[in-house]
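What follows is the content of target.cif (mmCIF, C-alpha atoms and all ligand atoms).
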```
data_target
loop_
_atom_site.label_atom_id
_atom_site.label_comp_id
_atom_site.auth_asym_id
_atom_site.auth_seq_id
_atom_site.Cartn_x
_atom_site.Cartn_y
_atom_site.Cartn_z
CA MET A 5 81.45 126.13 125.27
CA THR A 6 84.73 124.72 124.01
CA GLU A 7 84.44 123.23 120.57
CA GLN A 8 85.54 119.60 120.44
CA PRO A 9 87.94 118.72 117.60
CA SER A 10 86.06 116.60 115.08
CA GLU A 11 87.22 113.08 114.25
CA PRO A 12 89.49 113.09 111.22
CA LYS A 13 87.68 111.92 108.11
CA ALA A 14 90.66 110.07 106.73
CA ALA A 15 92.80 107.07 107.58
CA LEU A 16 96.23 105.86 106.59
CA VAL A 17 95.94 102.80 104.31
CA SER A 18 98.62 100.40 103.04
CA ALA A 19 99.05 101.50 99.44
CA CYS A 20 99.02 97.91 98.16
CA LEU A 21 95.48 97.50 99.57
CA LEU A 22 94.43 100.37 97.32
CA GLY A 23 95.78 98.71 94.20
CA ARG A 24 99.30 100.12 94.04
CA GLU A 25 101.79 97.53 92.81
CA CYS A 26 104.25 98.13 95.64
CA THR A 27 104.62 94.70 97.26
CA TYR A 28 108.03 93.04 97.28
CA LYS A 29 106.89 91.12 94.19
CA ALA A 30 105.60 94.33 92.54
CA THR A 31 102.02 93.12 92.85
CA HIS A 32 99.10 94.66 94.71
CA ASN A 33 96.56 93.49 97.28
CA GLY A 34 93.66 95.64 96.09
CA ASP A 35 90.74 95.07 98.44
CA GLN A 36 87.26 96.02 97.24
CA ALA A 37 85.64 95.23 100.60
CA LEU A 38 87.97 97.69 102.35
CA ALA A 39 87.07 100.39 99.85
CA ARG A 40 83.39 99.86 100.68
CA GLU A 41 84.07 99.81 104.43
CA LEU A 42 85.99 103.09 104.27
CA ALA A 43 83.26 104.70 102.17
CA ALA A 44 80.60 103.53 104.63
CA GLU A 45 82.48 105.28 107.44
CA GLY A 46 83.07 108.38 105.34
CA LEU A 47 86.84 107.90 105.59
CA ALA A 48 89.15 109.05 102.82
CA ALA A 49 92.17 106.79 102.29
CA VAL A 50 95.66 108.24 102.57
CA PRO A 51 97.83 105.68 100.74
CA PHE A 52 101.25 104.89 102.14
CA CYS A 53 103.84 102.16 101.56
CA PRO A 54 106.41 102.14 104.38
CA GLU A 55 108.91 99.98 102.54
CA GLU A 56 109.00 102.16 99.43
CA HIS A 57 109.05 105.27 101.62
CA GLY A 58 112.02 103.81 103.46
CA GLY A 59 113.93 103.71 100.19
CA LEU A 60 113.55 100.07 99.17
CA ALA A 61 113.07 99.20 95.52
CA THR A 62 110.08 97.45 94.01
CA PRO A 63 110.42 94.57 93.40
CA ARG A 64 112.69 93.84 96.38
CA PRO A 65 113.85 90.78 98.30
CA PRO A 66 111.39 89.55 100.95
CA ALA A 67 112.40 90.37 104.51
CA ASP A 68 111.57 89.16 108.02
CA LEU A 69 111.91 90.55 111.50
CA THR A 70 114.45 88.74 113.70
CA ALA A 71 112.49 89.58 116.87
CA ALA A 72 109.15 91.06 117.91
CA ALA A 73 108.59 94.44 116.26
CA THR A 74 108.52 96.25 119.59
CA ASP A 75 111.98 94.84 120.31
CA VAL A 76 113.22 95.88 116.87
CA LEU A 77 111.93 99.41 117.57
CA ASP A 78 113.97 99.38 120.76
CA GLY A 79 117.14 98.29 118.95
CA LYS A 80 116.90 94.67 120.15
CA GLY A 81 116.45 93.05 116.75
CA GLN A 82 116.73 93.68 113.03
CA VAL A 83 114.91 93.29 109.75
CA ARG A 84 116.80 91.06 107.34
CA THR A 85 116.21 89.84 103.82
CA HIS A 86 116.14 86.10 103.30
CA SER A 87 119.74 86.32 102.11
CA GLY A 88 120.72 88.07 105.35
CA GLU A 89 121.03 91.71 104.28
CA ASP A 90 120.23 94.08 107.14
CA VAL A 91 117.39 96.38 105.99
CA THR A 92 116.40 97.57 109.46
CA LEU A 93 117.17 101.20 108.69
CA ALA A 94 114.91 101.29 105.62
CA PHE A 95 112.06 99.62 107.51
CA ALA A 96 112.51 102.03 110.42
CA ARG A 97 112.50 105.01 108.04
CA GLY A 98 109.26 103.72 106.55
CA ALA A 99 107.63 103.32 109.94
CA ALA A 100 108.73 106.81 110.96
CA GLY A 101 107.33 108.19 107.70
CA ALA A 102 103.95 106.59 108.36
CA LEU A 103 103.88 108.13 111.83
CA GLU A 104 104.86 111.53 110.44
CA VAL A 105 101.96 111.43 107.96
CA CYS A 106 99.50 110.43 110.69
CA GLN A 107 100.69 113.19 113.00
CA ARG A 108 100.78 115.84 110.28
CA LEU A 109 97.25 115.02 109.08
CA GLY A 110 95.85 114.16 112.51
CA LEU A 111 94.99 110.60 111.48
CA LYS A 112 93.95 108.35 114.33
CA ARG A 113 93.32 105.17 112.35
CA ALA A 114 95.27 102.99 109.95
CA PHE A 115 94.17 100.03 107.83
CA LEU A 116 97.20 97.90 107.10
CA LYS A 117 98.01 94.71 105.20
CA GLU A 118 98.04 91.70 107.48
CA ARG A 119 101.21 89.57 107.80
CA SER A 120 103.61 92.11 106.31
CA PRO A 121 106.79 92.72 108.33
CA SER A 122 105.93 96.42 108.09
CA CYS A 123 102.15 96.59 107.96
CA GLY A 124 100.94 93.41 109.70
CA CYS A 125 98.71 94.15 112.69
CA ALA A 126 97.73 90.81 114.25
CA THR A 127 100.32 88.72 112.40
CA THR A 128 103.71 89.31 110.86
CA HIS A 129 106.84 87.48 109.71
CA VAL A 130 109.50 86.73 112.31
CA GLY A 131 112.39 84.42 111.56
CA GLY A 132 110.79 82.92 108.47
CA GLU A 133 107.45 82.15 110.10
CA VAL A 134 104.11 83.88 110.38
CA VAL A 135 103.62 84.71 114.06
CA GLU A 136 101.22 86.75 116.17
CA GLY A 137 102.23 90.37 116.60
CA PRO A 138 102.51 93.53 114.56
CA GLY A 139 104.96 94.55 111.89
CA LEU A 140 107.32 97.45 112.47
CA THR A 141 105.07 100.23 111.15
CA ALA A 142 101.98 99.00 113.00
CA ALA A 143 104.00 98.69 116.22
CA LEU A 144 105.26 102.27 115.96
CA LEU A 145 101.85 103.70 115.06
CA ARG A 146 100.26 101.90 118.02
CA ARG A 147 102.92 103.26 120.35
CA HIS A 148 101.76 106.71 119.33
CA GLY A 149 98.04 106.08 119.72
CA VAL A 150 97.02 105.26 116.15
CA THR A 151 94.46 102.46 116.00
CA CYS A 152 95.67 99.89 113.48
CA THR A 153 93.31 97.43 111.82
CA GLY A 154 94.71 94.48 109.88
CA VAL A 155 93.23 93.84 106.44
CA GLU A 156 93.65 90.57 104.60
CA GLY A 157 93.67 92.11 101.14
CA ARG A 158 92.35 90.88 97.81
CA ARG A 159 88.73 90.64 98.98
CA GLU A 160 86.01 91.17 96.40
S1 LIG B 201 102.18 95.62 103.00
FE1 LIG B 201 102.86 97.70 103.52
S2 LIG B 201 105.04 97.72 103.06
FE2 LIG B 201 104.16 95.92 102.05
S3 LIG B 201 103.66 96.64 99.98
FE3 LIG B 201 101.84 96.90 101.21
S4 LIG B 201 101.99 99.02 101.90
FE4 LIG B 201 104.01 98.45 101.22
#
```

Serialized structure, structure tokens:
Amino acid sequence: MTEQPSEPKAALVSACLLGRECTYKATHNGDQALARELAAEGLAAVPFCPEEHGGLATPRPPADLTAAATDVLDGKGQVRTHSGEDVTLAFARGAAGALEVCQRLGLKRAFLKERSPSCGCATTHVGGEVVEGPGLTAALLRRHGVTCTGVEGRRE
């Protein structure tokens, strides 16, 4: 009988949800409820911050997508700071880094901070507004079969 590969016992997690002060304001979104949920499923957390990985500083200027993340992935939009600087390359590097970690470790799931232009899963920032749709990292991970779950952050 062929042995089935076992489900990985780890998931990629937005580092800010685990208490790392890596948001654009150099704060964190530590989420106690998520820690309990991961423990209940026996999942170890692999922390990752796409924006820091992409080479952006902390703190850093806030940034928005100019189009849906899937379009940005396809070169049909950018990521820009509120003052107009094009940071698409850094965001794309961060998304690619997240995918590389998932593929290297065989991770099939990611728990990511809702509303972020990188990590948002159900909602993100486009053109200065919160809209439905994923951020750039979540969009890329989903394209490659990683199940992304949005987490609000800062839950007790
Ligand atoms: S939401 Fe994602 S990109 Fe933003 S600080 Fe958290 S881990 Fe980093």

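Across A:Gly81, A:Gly154, A:Gly139, A:Pro54, the tightest approach to Glu118 of chain A is made by A:Gly154 when counting all atoms listed in the file.
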
Which centre and edge lengths in Å to one decimal define the box along x, y and z that fits every listed atom of segment 46-60 of chain A plus 4 Å per side, as lines of an AutoDock Vina configuration file?
```
center_x = 98.5
center_y = 104.5
center_z = 102.4
size_x = 38.9
size_y = 17.1
size_z = 14.4
```

field: Nearby residues, ligand LIG 201 (chain B), 10 Å, all atoms listed in the file, as a ChimeraX atom specification
entry: /A:17-34,51-58,60,62-63,66,95,98-99,115-124,139-142,155,157

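Nearest to Thr153 of chain A of all the residues A:Leu42, A:Ala67, A:Gln36, A:Lys80 is A:Leu42, based on all atoms listed in the file.
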
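Between atom CA of Arg113 of chain A and atom CA of Ala15 of chain A the interatomic distance comes to 5.2 Å.
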
- request: Do a neighbour search on His86 of chain A at 12 Å with all atoms listed in the file, toss out local chain neighbours closer than 5 positions, and write the hits as a ChimeraX atom specification.
  value: /A:64-70,91,129-133

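Atom CA of Ala48 of chain A to atom CA of Ala114 of chain A spans 11.2 Å [interatomic distance, one decimal].
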
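Distances here use all atoms listed in the file; by that measure, the residue among A:Ala73, A:Leu93, A:Ala100, A:Leu109 closest to Leu16 of chain A is A:Leu109.
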
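Shell of Thr127 of chain A at 7 Å, with all atoms listed in the file counted and residues fewer than 5 places along the chain excluded, is Glu118, Arg119, Val134, Val135, Glu136, Gly137 and Pro138 of chain A.
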
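The interatomic distance for the pair atom CA of Cys125 of chain A and atom CA of Leu111 of chain A works out to 16.9 Å.
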